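K.L.:
Just input_32.txt, nothing more (compact mmCIF, C-alpha atoms):
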# COMPACT_ATOMS: atom_id res chain seq x y z
CA MET A 1 -6.63 -15.73 27.48
CA THR A 2 -7.14 -13.72 24.27
CA ARG A 3 -9.53 -15.27 21.83
CA LYS A 4 -8.96 -14.97 18.08
CA PRO A 5 -11.70 -12.88 16.45
CA GLU A 6 -14.31 -14.55 14.26
CA PRO A 7 -13.52 -14.53 10.52
CA LEU A 8 -14.78 -11.38 8.82
CA THR A 9 -17.13 -11.30 5.86
CA GLU A 10 -15.84 -9.79 2.61
CA GLN A 11 -18.04 -6.73 3.20
CA ALA A 12 -16.63 -6.28 6.69
CA VAL A 13 -13.05 -6.56 5.37
CA ASP A 14 -13.85 -3.92 2.74
CA ALA A 15 -15.29 -1.64 5.43
CA PHE A 16 -12.22 -2.05 7.65
CA GLU A 17 -9.89 -1.43 4.71
CA THR A 18 -11.82 1.76 3.92
CA GLU A 19 -11.43 2.76 7.56
CA LEU A 20 -7.70 2.04 7.33
CA ILE A 21 -7.46 4.47 4.41
CA GLN A 22 -9.33 7.08 6.44
CA ALA A 23 -7.04 6.45 9.42
CA PHE A 24 -4.01 7.05 7.18
CA ARG A 25 -5.56 10.30 5.97
CA ARG A 26 -6.04 11.45 9.56
CA ALA A 27 -2.52 10.36 10.47
CA VAL A 28 -1.09 12.55 7.69
CA ARG A 29 -2.65 15.54 9.46
CA THR A 30 -2.09 14.52 13.09
CA ARG A 31 0.97 12.20 12.95
CA ASP A 32 -0.96 9.89 15.32
CA LEU A 33 -0.35 6.37 14.02
CA GLN A 34 -2.12 4.53 16.84
CA PRO A 35 -5.50 4.16 15.03
CA VAL A 36 -3.68 2.94 11.91
CA ILE A 37 -1.69 0.37 13.90
CA GLU A 38 -4.77 -0.84 15.79
CA LEU A 39 -6.75 -1.37 12.59
CA ALA A 40 -3.85 -3.16 10.90
CA ASP A 41 -3.37 -5.41 13.94
CA PHE A 42 -7.09 -6.20 13.98
CA LEU A 43 -7.11 -7.13 10.28
CA VAL A 44 -4.08 -9.39 10.73
CA ALA A 45 -5.45 -11.04 13.90
CA SER A 46 -8.85 -11.65 12.30
CA GLY A 47 -7.28 -13.45 9.36
CA ALA A 48 -8.65 -10.86 6.92
CA THR A 49 -5.21 -10.67 5.29
CA VAL A 50 -2.27 -12.99 4.76
CA ARG A 51 0.07 -10.02 5.02
CA SER A 52 2.03 -9.14 8.11
CA ARG A 53 1.22 -5.90 9.91
CA GLY A 54 4.20 -4.27 8.20
CA GLY A 55 3.12 -5.55 4.80
CA LEU A 56 -0.41 -4.26 5.31
CA LEU A 57 0.88 -0.88 6.48
CA GLY A 58 3.24 -0.57 3.50
CA LEU A 59 0.48 -1.42 1.02
CA PHE A 60 -2.17 0.88 2.47
CA TRP A 61 0.30 3.72 3.08
CA PHE A 62 1.18 3.73 -0.61
CA GLN A 63 -2.38 3.12 -1.82
CA THR A 64 -3.68 6.03 0.24
CA SER A 65 -0.85 8.30 -0.89
CA MET A 66 -1.64 7.48 -4.54
CA LEU A 67 -5.36 8.05 -4.03
CA ASP A 68 -4.70 11.40 -2.39
CA LYS A 69 -2.15 12.47 -5.00
CA PHE A 70 -4.99 12.89 -7.47
CA ARG A 71 -7.33 14.68 -5.08
CA VAL A 72 -7.57 18.41 -4.57
CA ASP A 73 -4.53 18.57 -2.26
CA GLN A 74 -1.59 18.08 -4.60
CA SER A 75 0.90 18.77 -1.78
CA SER A 76 0.00 15.58 0.09
CA GLY A 77 2.96 13.67 -1.39
CA SER A 78 5.53 15.09 1.02
CA SER A 79 3.16 14.56 3.96
CA TYR A 80 2.82 10.88 3.05
CA GLY A 81 6.58 10.66 2.59
CA MET A 82 7.06 11.92 6.15
CA LEU A 83 4.42 9.50 7.42
CA GLY A 84 6.20 6.62 5.67
CA LEU A 85 9.46 7.59 7.38
CA GLN A 86 7.64 7.73 10.69
CA LEU A 87 6.25 4.21 10.16
CA VAL A 88 9.75 2.86 9.54
CA ASN A 89 11.54 4.95 12.18
CA GLU A 90 9.08 3.92 14.88
CA GLY A 91 9.49 0.26 13.91
CA TRP A 92 5.95 -0.40 12.70
CA CYS A 93 7.26 -1.67 9.38
CA THR A 94 10.52 -2.08 7.51
CA HIS A 95 11.89 -0.58 4.32
CA ALA A 96 11.19 -3.97 2.71
CA ASP A 97 7.53 -3.75 3.84
CA MET A 98 7.29 -0.33 2.19
CA ASP A 99 8.91 -1.60 -1.02
CA ASN A 100 6.58 -4.60 -1.06
CA GLY A 101 3.55 -2.35 -0.60
CA ILE A 102 4.61 -0.09 -3.45
CA SER A 103 5.42 -2.91 -5.88
CA GLU A 104 2.24 -4.82 -4.99
CA TYR A 105 0.00 -1.80 -5.45
CA LEU A 106 1.63 -0.87 -8.77
CA PHE A 107 1.53 -4.48 -9.99
CA HIS A 108 -2.23 -4.68 -9.37
CA LEU A 109 -2.75 -1.26 -10.95
CA GLY A 110 -0.78 -2.38 -14.01
CA LEU A 111 -2.70 -5.64 -14.12
CA ARG A 112 -6.02 -3.76 -14.20
CA LYS A 113 -4.89 -1.21 -16.78
CA GLY A 114 -2.47 -3.32 -18.83
CA SER A 115 0.22 -0.65 -18.66
CA LEU A 116 1.79 1.92 -16.36
CA PRO A 117 3.37 5.31 -17.07
CA ASN A 118 7.16 5.01 -17.35
CA ALA A 119 7.87 6.46 -13.90
CA LEU A 120 5.43 4.10 -12.15
CA TYR A 121 6.63 1.11 -14.16
CA ASP A 122 10.22 1.88 -13.16
CA LEU A 123 9.17 2.34 -9.53
CA MET A 124 7.40 -1.04 -9.62
CA LEU A 125 10.57 -2.70 -10.94
CA GLU A 126 12.81 -0.93 -8.43
CA THR A 127 10.70 -1.70 -5.37
CA GLY A 128 10.06 -5.28 -6.51
CA ARG A 129 13.70 -6.01 -7.38
CA HIS A 130 14.24 -8.26 -4.34
CA ARG A 131 11.23 -10.46 -5.14
CA LYS A 132 12.20 -13.69 -6.81
CA HIS A 133 10.85 -13.95 -10.37
CA PHE A 134 9.11 -10.56 -10.13
CA ARG A 135 10.16 -9.47 -13.64
CA GLN A 136 8.91 -12.77 -15.09
CA VAL A 137 5.57 -12.29 -13.36
CA ILE A 138 5.27 -8.80 -14.83
CA ARG A 139 5.99 -10.15 -18.31
CA ALA A 140 3.52 -13.03 -17.82
CA ALA A 141 0.88 -10.52 -16.69
CA LYS A 142 1.64 -8.51 -19.86
CA ILE A 143 2.08 -5.24 -17.99
CA THR A 144 3.80 -2.79 -20.30
CA ARG A 145 5.20 0.71 -20.17
CA LEU A 146 2.86 3.44 -21.26
CA GLU A 147 5.09 5.56 -23.45
CA ASN A 148 4.79 9.27 -22.78
CA GLU A 149 2.85 11.04 -25.46
CA ASN A 150 4.38 14.31 -26.63
Take the structure I supplied and represent it as structure tokens, if you would.

P.N.:
Amino acid sequence: MTRKPEPLTEQAVDAFETELIQAFRRAVRTRDLQPVIELADFLVASGATVRSRGGLLGLFWFQTSMLDKFRVDQSSGSSYGMLGLQLVNEGWCTHADMDNGISEYLFHLGLRKGSLPNALYDLMLETGRHRKHFRQVIRAAKITRLENEN
């Protein structure tokens, strides 16, 4: 009989989420998703997240790709795109999980900053289009477009 793990402290959850980001970074290079899947399953089983495995994978896939986009390796975008396709094609998550991860990450980024560049704002709307009342939530949160400065 498998026993449910003990609840994790906030610090432990943060440490495991950091490890999940590192596992995604390794998976971009190796295409080995097993460590990513194992960490996601552990976080779900421990109750550290209310998301499903697919939801967690979609969120952290996009978060890690955005973090790495602004690092030294500017070419990482296509590598993360391929990894995202691999996650869906192998059945670890769905297209909806990926959309949810993108819209959730961008929503929280917009919430922190108050605005998003046009392209990211549009991506947030597009990937969140299936969520009921998503546009109203964005308006209530007062997330605006950051007009491009010329």

K.L.:
What does the distance between CA of Gly91 in chain A and CA of Ala119 in chain A come to in Å, to one decimal place?

P.N.:
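CA of Ala119 in chain A lies at a distance of 28.5 Å from CA of Gly91 in chain A.
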
K.L.:
Which of these residues is nearest to Gln63 in chain A, using all atoms listed in the file: A:Ile21, A:Val137, A:Leu116, A:Leu146?

P.N.:
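Looking at the shortest contact to Gln63 in chain A, the residue is A:Ile21.
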
K.L.:
Give the answer as one residue: which of A:Leu59, A:Ala45, A:Ile138, A:Met82 has the shortest atom-to-atom distance to Ile102 in chain A, using only C-alpha atoms?

P.N.:
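With only C-alpha atoms as the atom set, the closest residue is A:Leu59.
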
K.L.:
What is the CA of Leu57 in chain A-CA of Gly110 in chain A distance in Å, reported with one decimal?

P.N.:
20.6 Å

K.L.:
For range 126-135 of chain A, please output as a PyMOL selection string all residues within 10 Å (counting only C-alpha atoms; exclusion window: fewer than 6 positions along the same chain).

P.N.:
chain A and resi 95-104+106-107+120+141
